[in-house]
file entry37.txt (compact mmCIF, C-alpha atoms)
# COMPACT_ATOMS: atom_id res chain seq x y z
CA MET A 1 193.16 -141.62 -59.05
CA ILE A 2 195.22 -138.73 -57.68
CA LYS A 3 197.12 -136.73 -60.30
CA ARG A 4 200.56 -135.35 -59.60
CA VAL A 5 200.74 -131.63 -59.63
CA PRO A 6 204.04 -130.25 -61.00
CA GLY A 7 206.17 -128.44 -58.39
CA ILE A 8 204.44 -129.86 -55.36
CA GLY A 9 207.03 -132.50 -54.85
CA PHE A 10 209.82 -129.94 -55.08
CA ILE A 11 208.24 -127.83 -52.41
CA ARG A 12 207.81 -130.80 -50.15
CA LYS A 13 211.55 -131.56 -50.41
CA ILE A 14 212.48 -128.19 -48.87
CA PRO A 15 212.59 -128.44 -45.09
CA ILE A 16 210.23 -126.11 -43.34
CA ARG A 17 212.88 -124.83 -40.93
CA LYS A 18 215.27 -123.85 -43.75
CA THR A 19 212.50 -122.19 -45.65
CA ALA A 20 211.63 -120.11 -42.62
CA GLN A 21 215.26 -119.18 -42.09
CA LYS A 22 215.63 -118.08 -45.74
CA CYS A 23 212.50 -116.02 -45.50
CA PHE A 24 213.68 -114.41 -42.29
CA VAL A 25 217.11 -113.64 -43.76
CA GLY A 26 215.48 -112.17 -46.84
CA MET A 27 213.28 -110.00 -44.72
CA GLU A 28 216.25 -108.80 -42.72
CA ILE A 29 218.13 -107.88 -45.85
CA VAL A 30 215.17 -106.06 -47.32
CA GLY A 31 214.43 -104.49 -43.96
CA VAL A 32 217.95 -103.06 -43.54
CA ALA A 33 218.07 -101.68 -47.05
CA GLY A 34 214.43 -100.66 -47.39
CA ALA A 35 213.37 -99.52 -43.95
CA SER A 36 214.32 -95.94 -44.56
CA SER A 37 212.74 -96.11 -48.02
CA LEU A 38 209.54 -97.48 -46.54
CA VAL A 39 209.46 -94.75 -43.93
CA CYS A 40 210.18 -92.09 -46.56
CA ASP A 41 207.45 -93.48 -48.81
CA THR A 42 205.01 -93.43 -45.90
CA LEU A 43 205.94 -89.87 -44.99
CA GLU A 44 205.66 -88.85 -48.63
CA ILE A 45 202.16 -90.34 -48.84
CA CYS A 46 201.15 -88.58 -45.63
CA GLU A 47 202.60 -85.32 -46.93
CA LYS A 48 200.63 -85.66 -50.16
CA VAL A 49 197.47 -86.25 -48.16
CA ALA A 50 198.23 -83.42 -45.75
CA ASN A 51 199.35 -80.84 -48.32
CA PRO A 52 195.93 -80.32 -49.94
CA ILE A 53 194.44 -79.80 -46.47
CA LYS A 54 197.13 -77.28 -45.57
CA GLN A 55 196.73 -75.50 -48.87
CA ALA A 56 192.90 -75.53 -48.64
CA SER A 57 192.71 -74.44 -45.00
CA PRO A 58 193.82 -70.81 -45.52
CA LYS A 59 191.46 -70.48 -48.47
CA THR A 60 188.54 -71.97 -46.55
CA LYS A 61 189.32 -69.81 -43.53
CA THR A 62 189.57 -66.70 -45.68
CA THR A 63 186.28 -67.54 -47.36
CA LEU A 64 184.55 -68.00 -44.02
CA GLN A 65 186.03 -64.76 -42.73
CA TRP A 66 184.89 -62.95 -45.87
CA GLU A 67 181.37 -64.35 -45.57
CA LYS A 68 181.27 -63.41 -41.89
CA ALA A 69 182.50 -59.90 -42.70
CA GLN A 70 179.89 -59.54 -45.44
CA LYS A 71 177.13 -60.68 -43.07
CA LYS A 72 178.34 -58.29 -40.37
CA ALA A 73 178.51 -55.44 -42.88
CA ALA A 74 174.95 -56.17 -44.03
CA GLU A 75 173.72 -56.17 -40.41
CA LEU A 76 175.49 -52.88 -39.67
CA LYS A 77 174.09 -51.38 -42.85
CA LYS A 78 170.59 -52.46 -41.85
CA ILE A 79 171.00 -51.01 -38.35
CA ALA A 80 172.31 -47.75 -39.79
CA ALA A 81 169.37 -47.58 -42.20
CA ILE A 82 166.90 -48.14 -39.35
CA LYS A 83 168.59 -45.43 -37.28
CA ARG A 84 168.43 -43.00 -40.19
CA ALA A 85 164.76 -43.81 -40.75
CA ASP A 86 164.05 -43.38 -37.03
CA SER A 87 165.87 -40.06 -37.00
CA ILE A 88 163.96 -38.78 -40.05
CA LEU A 89 160.64 -39.97 -38.60
CA ALA A 90 161.38 -38.31 -35.23
CA LYS A 91 162.20 -35.01 -36.93
CA ARG A 92 159.03 -35.13 -38.99
CA GLN A 93 156.95 -36.04 -35.93
CA LYS A 94 158.50 -33.15 -34.04
CA SER A 95 157.51 -30.82 -36.89
CA ILE A 96 153.89 -32.00 -36.53
CA VAL A 97 153.90 -31.40 -32.77
CA LEU A 98 155.36 -27.95 -33.35
CA SER A 99 152.60 -27.25 -35.87
CA ILE A 100 149.99 -28.26 -33.28
CA MET A 101 151.60 -25.95 -30.74
CA ARG A 102 151.95 -23.01 -33.14
CA GLU A 103 148.34 -23.31 -34.26
CA ASP A 104 147.10 -23.42 -30.67
CA ILE A 105 146.27 -19.75 -30.01
CA ASN A 106 146.18 -20.45 -26.26
CA CYS A 107 149.57 -22.20 -26.14
CA THR A 108 151.53 -20.88 -23.15
CA ALA A 109 154.86 -22.54 -24.01
CA GLN A 110 156.07 -20.49 -26.96
CA LYS A 111 159.61 -20.16 -25.57
CA ASP A 112 159.84 -23.84 -24.66
CA LYS A 113 157.98 -25.34 -27.60
CA ASN A 114 161.07 -27.01 -29.13
CA ARG A 115 161.97 -28.71 -25.85
CA ILE A 116 158.38 -29.79 -25.20
CA ALA A 117 157.96 -31.10 -28.76
CA GLU A 118 161.16 -33.13 -28.42
CA TYR A 119 160.17 -34.87 -25.22
CA ILE A 120 156.64 -35.55 -26.44
CA VAL A 121 158.11 -37.40 -29.44
CA LYS A 122 160.78 -39.12 -27.31
CA ILE A 123 158.41 -40.38 -24.60
CA ALA A 124 155.73 -41.38 -27.11
CA LYS A 125 158.32 -43.49 -28.95
CA GLU A 126 159.58 -45.00 -25.67
CA TYR A 127 156.13 -46.36 -24.82
CA GLY A 128 154.88 -47.05 -28.34
CA ALA A 129 152.35 -44.19 -28.43
CA ASP A 130 151.43 -41.89 -31.31
CA PRO A 131 152.97 -38.44 -30.62
CA ILE A 132 150.13 -36.74 -32.53
CA HIS A 133 147.61 -38.19 -30.07
CA ILE A 134 149.71 -37.11 -27.08
CA ALA A 135 150.21 -33.59 -28.41
CA CYS A 136 146.47 -33.22 -29.09
CA ILE A 137 145.67 -34.38 -25.54
CA ALA A 138 148.20 -31.91 -24.08
CA LYS A 139 146.66 -29.14 -26.18
CA GLN A 140 143.14 -29.94 -25.00
CA GLU A 141 144.09 -30.47 -21.37
CA THR A 142 146.36 -27.47 -20.65
CA HIS A 143 147.48 -25.87 -23.96
CA PHE A 144 150.95 -27.28 -23.21
CA THR A 145 151.21 -25.62 -19.79
CA GLU A 146 153.75 -27.32 -17.52
CA ASN A 147 153.46 -27.58 -13.73
CA LEU A 148 149.79 -26.64 -13.76
CA ASN A 149 147.98 -27.46 -10.53
CA SER A 150 144.21 -27.47 -11.05
CA THR A 151 141.34 -28.90 -9.05
CA ASN A 152 141.02 -31.78 -11.53
CA GLY A 153 144.63 -32.78 -12.07
CA LYS A 154 148.30 -31.91 -12.14
CA GLY A 155 150.75 -30.94 -14.84
CA MET A 156 150.48 -30.71 -18.61
CA MET A 157 148.64 -34.04 -18.92
CA GLN A 158 146.37 -33.28 -15.94
CA ILE A 159 146.88 -36.52 -14.01
CA THR A 160 144.28 -37.01 -11.28
CA LYS A 161 144.87 -38.37 -7.78
CA ILE A 162 142.50 -41.29 -8.42
CA ALA A 163 144.41 -42.31 -11.55
CA THR A 164 147.76 -41.96 -9.72
CA LYS A 165 146.58 -44.15 -6.85
CA ASP A 166 145.36 -46.88 -9.18
CA MET A 167 148.53 -46.77 -11.27
CA PHE A 168 150.66 -46.97 -8.13
CA SER A 169 148.74 -49.95 -6.71
CA ARG A 170 148.74 -52.05 -9.90
CA PRO A 171 151.49 -50.79 -12.24
CA ASN A 172 151.68 -54.00 -14.29
CA PHE A 173 148.07 -53.52 -15.42
CA TYR A 174 149.00 -50.24 -17.07
CA HIS A 175 152.41 -51.00 -18.51
CA LYS A 176 155.34 -53.29 -17.72
CA LYS A 177 157.63 -50.23 -17.50
CA LEU A 178 155.42 -48.33 -15.06
CA LYS A 179 156.87 -50.24 -12.10
CA GLU A 180 160.25 -48.68 -12.91
CA ILE A 181 158.65 -45.36 -11.97
CA THR A 182 156.41 -46.36 -9.05
CA SER A 183 159.17 -48.35 -7.33
CA ARG A 184 161.01 -45.09 -6.61
CA TYR A 185 158.21 -43.88 -4.34
CA ARG A 186 157.05 -45.06 -0.93
CA ASN A 187 153.40 -44.24 -1.63
CA TYR A 188 151.17 -42.78 -4.32
CA GLY A 189 151.06 -39.42 -2.51
CA GLU A 190 154.78 -38.87 -3.17
CA LEU A 191 154.30 -39.81 -6.80
CA TYR A 192 151.31 -37.50 -7.16
CA SER A 193 153.30 -34.62 -5.68
CA ASP A 194 156.17 -35.13 -8.15
CA ILE A 195 153.78 -35.35 -11.09
CA GLN A 196 153.26 -31.59 -10.85
CA LYS A 197 156.90 -30.68 -10.21
CA LYS A 198 158.52 -32.82 -12.92
CA PRO A 199 157.21 -32.25 -16.48
CA LEU A 200 158.93 -35.34 -17.92
CA LEU A 201 157.41 -37.55 -15.22
CA ASN A 202 154.01 -35.96 -15.89
CA MET A 203 154.34 -36.74 -19.59
CA ARG A 204 155.42 -40.33 -18.92
CA ILE A 205 152.48 -40.99 -16.58
CA GLY A 206 150.09 -39.34 -19.06
CA VAL A 207 151.34 -41.41 -22.00
CA LEU A 208 151.16 -44.66 -20.00
CA LEU A 209 147.66 -43.80 -18.80
CA TYR A 210 146.42 -43.04 -22.32
CA GLU A 211 148.00 -46.19 -23.76
CA ALA A 212 146.31 -48.28 -21.04
CA ARG A 213 142.95 -46.66 -21.79
CA LEU A 214 143.47 -47.32 -25.51
CA ARG A 215 144.28 -50.97 -24.84
CA GLU A 216 141.21 -51.33 -22.61
CA ALA A 217 139.08 -49.85 -25.40
CA HIS A 218 140.59 -52.32 -27.95
CA GLY A 219 141.99 -49.46 -29.99
CA ASN A 220 138.86 -47.28 -29.97
CA ILE A 221 140.31 -43.76 -29.64
CA ARG A 222 137.03 -42.07 -28.66
CA THR A 223 136.37 -44.51 -25.80
CA ALA A 224 139.98 -44.24 -24.65
CA LEU A 225 139.78 -40.44 -24.52
CA ILE A 226 136.45 -40.51 -22.68
CA ASN A 227 137.98 -42.82 -20.05
CA TYR A 228 141.16 -40.73 -19.90
CA ASN A 229 139.27 -37.54 -19.01
CA GLY A 230 136.36 -38.84 -16.99
CA SER A 231 134.83 -35.38 -16.37
CA SER A 232 131.31 -34.19 -17.14
CA ARG A 233 132.53 -32.80 -20.47
CA LYS A 234 134.36 -35.98 -21.48
CA TYR A 235 132.30 -36.53 -24.68
CA THR A 236 132.94 -33.00 -25.99
CA TYR A 237 136.56 -33.39 -24.88
CA ALA A 238 136.96 -36.63 -26.86
CA SER A 239 135.32 -35.20 -30.00
CA SER A 240 137.55 -32.12 -29.95
CA ILE A 241 140.75 -34.20 -29.67
CA ILE A 242 139.63 -36.61 -32.41
CA ASN A 243 139.02 -33.67 -34.75
CA ASP A 244 142.57 -32.47 -34.13
CA ILE A 245 144.02 -35.96 -34.56
CA ASN A 246 142.21 -36.44 -37.88
CA LYS A 247 143.29 -33.01 -39.12
CA TYR A 248 146.99 -33.52 -38.46
CA GLN A 249 147.09 -37.17 -39.48
CA THR A 250 145.46 -36.26 -42.80
CA ARG A 251 147.88 -33.38 -43.32
CA TYR A 252 150.87 -35.59 -42.55
CA LYS A 253 149.55 -38.83 -43.97
CA ASP A 254 152.99 -40.11 -45.05
CA ILE A 255 154.39 -39.72 -41.53
CA ASN A 256 151.38 -41.40 -39.97
CA ASN A 257 151.77 -44.35 -42.36
CA ALA A 258 155.44 -44.63 -41.39
CA TYR A 259 154.49 -44.67 -37.71
CA ILE A 260 151.87 -47.40 -38.28
CA ALA A 261 154.37 -49.47 -40.31
CA LYS A 262 156.91 -49.33 -37.47
CA LYS A 263 154.34 -50.61 -34.97

call {"tool": "encode", "arguments": {"input": "entry37.txt", "output": "structure tokens"}}
result
Amino acid sequence: MIKRVPGIGFIRKIPIRKTAQKCFVGMEIVGVAGASSLVCDTLEICEKVANPIKQASPKTKTTLQWEKAQKKAAELKKIAAIKRADSILAKRQKSIVLSIMREDINCTAQKDKNRIAEYIVKIAKEYGADPIHIACIAKQETHFTENLNSTNGKGMMQITKIATKDMFSRPNFYHKKLKEITSRYRNYGELYSDIQKKPLLNMRIGVLLYEARLREAHGNIRTALINYNGSSRKYTYASSIINDINKYQTRYKDINNAYIAKK
């Protein structure tokens, strides 16, 4: 048995077409009166959504800029601190080299000792060498005499023709920066000739040669010095330089520790 539901019959009595027309008319009336209201409401909602973003954007941007500025300031501060430390270390290293020169009774470069000490420290730093080692080698080789032309070698570091030829033929074996020097010459003879005339070039070649010998000897200073000299007195030569190195490194232990820490 089907029960009658109240209101259903009333709805059925209304023609569908009229109902549609009434609905359409109602929508038109509401649409005319409420269209602008609807648009305004929509815009208001969008504005409410957008406003927090607009208000937050400057704050977020400022925060990011501040953080970036702080990071940049920290980096600059670190760089400045490293430069100060490098400057202090270089000055202290120069003072050691000057001490080595002053205490060398046979030193021939009394007038030029400041200049020589400066470029020993500079070139040693450029190639990652210990300036105390280089100064002690220069003392033992020539007592800091520039442009010396002996039967065994040329210049303050006494570079031999054999060593020059080998360094010219295979620069990468000695140091990656050596090719920057050898590429300027057509042959090793030209390089060997300039080694006597140009003290800075002589020092660069000497430092690169010693560093290569030290690397070959796996850090053994005595073996490196023996191979650097190569003469009949190479063992006495090596012992004398090691004594000097130990003396000055012990005297300036704090500077030596700073050099080792930087490496």

call {"tool": "residues_around", "arguments": {"input": "entry37.txt", "residues": "stretch 177-190 of chain A", "least_positions_apart": "5", "cutoff": "10 Å", "atoms": "only C-alpha atoms", "output": "count of residues only"}}
result
20

call {"tool": "residues_around", "arguments": {"input": "entry37.txt", "residues": "stretch 136-146 of chain A", "least_positions_apart": "4", "cutoff": "10 Å", "atoms": "only C-alpha atoms", "output": "VMD selection string"}}
result
chain A and resid 97 100 to 101 104 to 110 112 to 113 116 to 117 120 131 to 132 150 153 to 159 196 to 200 202 to 203 206 to 207 210 225 228 to 229 237 to 238 240 to 245 248

call {"tool": "write_last_selection", "arguments": {"input": "entry37.txt", "atoms": "C-alpha atoms", "output": "short mmCIF file (atom, residue, chain, number, x, y, z; two decimals), in the frame of the given file"}}
result
data_model
loop_
_atom_site.label_atom_id
_atom_site.label_comp_id
_atom_site.auth_asym_id
_atom_site.auth_seq_id
_atom_site.Cartn_x
_atom_site.Cartn_y
_atom_site.Cartn_z
CA VAL A 97 153.90 -31.40 -32.77
CA ILE A 100 149.99 -28.26 -33.28
CA MET A 101 151.60 -25.95 -30.74
CA ASP A 104 147.10 -23.42 -30.67
CA ILE A 105 146.27 -19.75 -30.01
CA ASN A 106 146.18 -20.45 -26.26
CA CYS A 107 149.57 -22.20 -26.14
CA THR A 108 151.53 -20.88 -23.15
CA ALA A 109 154.86 -22.54 -24.01
CA GLN A 110 156.07 -20.49 -26.96
CA ASP A 112 159.84 -23.84 -24.66
CA LYS A 113 157.98 -25.34 -27.60
CA ILE A 116 158.38 -29.79 -25.20
CA ALA A 117 157.96 -31.10 -28.76
CA ILE A 120 156.64 -35.55 -26.44
CA PRO A 131 152.97 -38.44 -30.62
CA ILE A 132 150.13 -36.74 -32.53
CA SER A 150 144.21 -27.47 -11.05
CA GLY A 153 144.63 -32.78 -12.07
CA LYS A 154 148.30 -31.91 -12.14
CA GLY A 155 150.75 -30.94 -14.84
CA MET A 156 150.48 -30.71 -18.61
CA MET A 157 148.64 -34.04 -18.92
CA GLN A 158 146.37 -33.28 -15.94
CA ILE A 159 146.88 -36.52 -14.01
CA GLN A 196 153.26 -31.59 -10.85
CA LYS A 197 156.90 -30.68 -10.21
CA LYS A 198 158.52 -32.82 -12.92
CA PRO A 199 157.21 -32.25 -16.48
CA LEU A 200 158.93 -35.34 -17.92
CA ASN A 202 154.01 -35.96 -15.89
CA MET A 203 154.34 -36.74 -19.59
CA GLY A 206 150.09 -39.34 -19.06
CA VAL A 207 151.34 -41.41 -22.00
CA TYR A 210 146.42 -43.04 -22.32
CA LEU A 225 139.78 -40.44 -24.52
CA TYR A 228 141.16 -40.73 -19.90
CA ASN A 229 139.27 -37.54 -19.01
CA TYR A 237 136.56 -33.39 -24.88
CA ALA A 238 136.96 -36.63 -26.86
CA SER A 240 137.55 -32.12 -29.95
CA ILE A 241 140.75 -34.20 -29.67
CA ILE A 242 139.63 -36.61 -32.41
CA ASN A 243 139.02 -33.67 -34.75
CA ASP A 244 142.57 -32.47 -34.13
CA ILE A 245 144.02 -35.96 -34.56
CA TYR A 248 146.99 -33.52 -38.46
#

call {"tool": "atom_distance", "arguments": {"input": "entry37.txt", "atom1": "atom CA of A:Glu75", "atom2": "atom CA of A:Ser87"}}
result
18.2 Å

call {"tool": "closest_residue", "arguments": {"input": "entry37.txt", "among": "A:Asn149, A:Asn114, A:Ser232, A:Asn227", "to": "A:Arg213", "atoms": "only C-alpha atoms"}}
result
A:Asn227

call {"tool": "atom_distance", "arguments": {"input": "entry37.txt", "atom1": "atom CA of A:Glu103", "atom2": "atom CA of A:Tyr235"}}
result
22.9 Å

call {"tool": "atom_distance", "arguments": {"input": "entry37.txt", "atom1": "atom CA of A:Leu89", "atom2": "atom CA of A:Ala224"}}
result
25.3 Å

call {"tool": "decode", "arguments": {"input": "entry37.txt", "residues": "stretch 98-166 of chain A", "atoms": "C-alpha atoms", "output": "tab-separated table (two decimals), in the first residue's frame"}}
result
chain	number	residue	atom	x	y	z
A	98	LEU	CA	116.01	38.36	8.99
A	99	SER	CA	117.36	36.66	12.12
A	100	ILE	CA	118.87	33.90	9.95
A	101	MET	CA	120.48	36.52	7.73
A	102	ARG	CA	121.79	38.65	10.61
A	103	GLU	CA	123.28	35.63	12.34
A	104	ASP	CA	125.00	34.47	9.16
A	105	ILE	CA	128.47	36.03	9.54
A	106	ASN	CA	129.13	35.43	5.82
A	107	CYS	CA	125.90	37.06	4.61
A	108	THR	CA	126.69	39.33	1.67
A	109	ALA	CA	123.26	40.99	1.42
A	110	GLN	CA	123.23	43.28	4.45
A	111	LYS	CA	121.87	46.25	2.47
A	112	ASP	CA	119.22	44.18	0.72
A	113	LYS	CA	118.24	41.86	3.57
A	114	ASN	CA	114.74	43.34	4.01
A	115	ARG	CA	113.93	42.94	0.32
A	116	ILE	CA	115.36	39.41	0.19
A	117	ALA	CA	113.52	38.38	3.37
A	118	GLU	CA	110.24	39.68	1.93
A	119	TYR	CA	110.46	37.75	-1.31
A	120	ILE	CA	111.60	34.57	0.44
A	121	VAL	CA	108.43	34.69	2.56
A	122	LYS	CA	106.25	35.71	-0.40
A	123	ILE	CA	107.46	32.99	-2.78
A	124	ALA	CA	107.47	30.32	-0.06
A	125	LYS	CA	103.83	31.15	0.68
A	126	GLU	CA	102.95	31.14	-3.04
A	127	TYR	CA	104.15	27.55	-3.46
A	128	GLY	CA	103.27	26.23	0.00
A	129	ALA	CA	106.86	25.97	1.26
A	130	ASP	CA	108.27	26.72	4.70
A	131	PRO	CA	110.22	30.01	4.51
A	132	ILE	CA	112.57	28.84	7.30
A	133	HIS	CA	113.65	25.89	5.15
A	134	ILE	CA	114.18	28.13	2.11
A	135	ALA	CA	116.17	30.70	4.08
A	136	CYS	CA	118.38	27.98	5.57
A	137	ILE	CA	119.04	26.55	2.10
A	138	ALA	CA	119.92	30.01	0.74
A	139	LYS	CA	122.27	30.54	3.68
A	140	GLN	CA	124.03	27.22	3.11
A	141	GLU	CA	124.19	27.55	-0.67
A	142	THR	CA	125.39	31.16	-1.14
A	143	HIS	CA	124.96	33.11	2.14
A	144	PHE	CA	122.13	34.99	0.39
A	145	THR	CA	124.28	36.10	-2.54
A	146	GLU	CA	122.23	37.04	-5.60
A	147	ASN	CA	123.35	36.55	-9.22
A	148	LEU	CA	126.16	34.20	-8.22
A	149	ASN	CA	127.56	32.17	-11.10
A	150	SER	CA	129.54	29.19	-9.84
A	151	THR	CA	130.71	25.99	-11.47
A	152	ASN	CA	127.94	24.05	-9.70
A	153	GLY	CA	124.95	26.33	-10.16
A	154	LYS	CA	123.49	29.77	-10.65
A	155	GLY	CA	122.00	32.38	-8.36
A	156	MET	CA	121.19	32.41	-4.67
A	157	MET	CA	119.61	28.93	-4.74
A	158	GLN	CA	122.39	27.51	-6.94
A	159	ILE	CA	120.23	25.89	-9.61
A	160	THR	CA	122.17	23.45	-11.79
A	161	LYS	CA	121.86	23.00	-15.55
A	162	ILE	CA	120.80	19.37	-15.11
A	163	ALA	CA	117.98	20.35	-12.76
A	164	THR	CA	116.88	23.17	-15.11
A	165	LYS	CA	116.77	20.83	-18.10
A	166	ASP	CA	114.67	18.26	-16.24
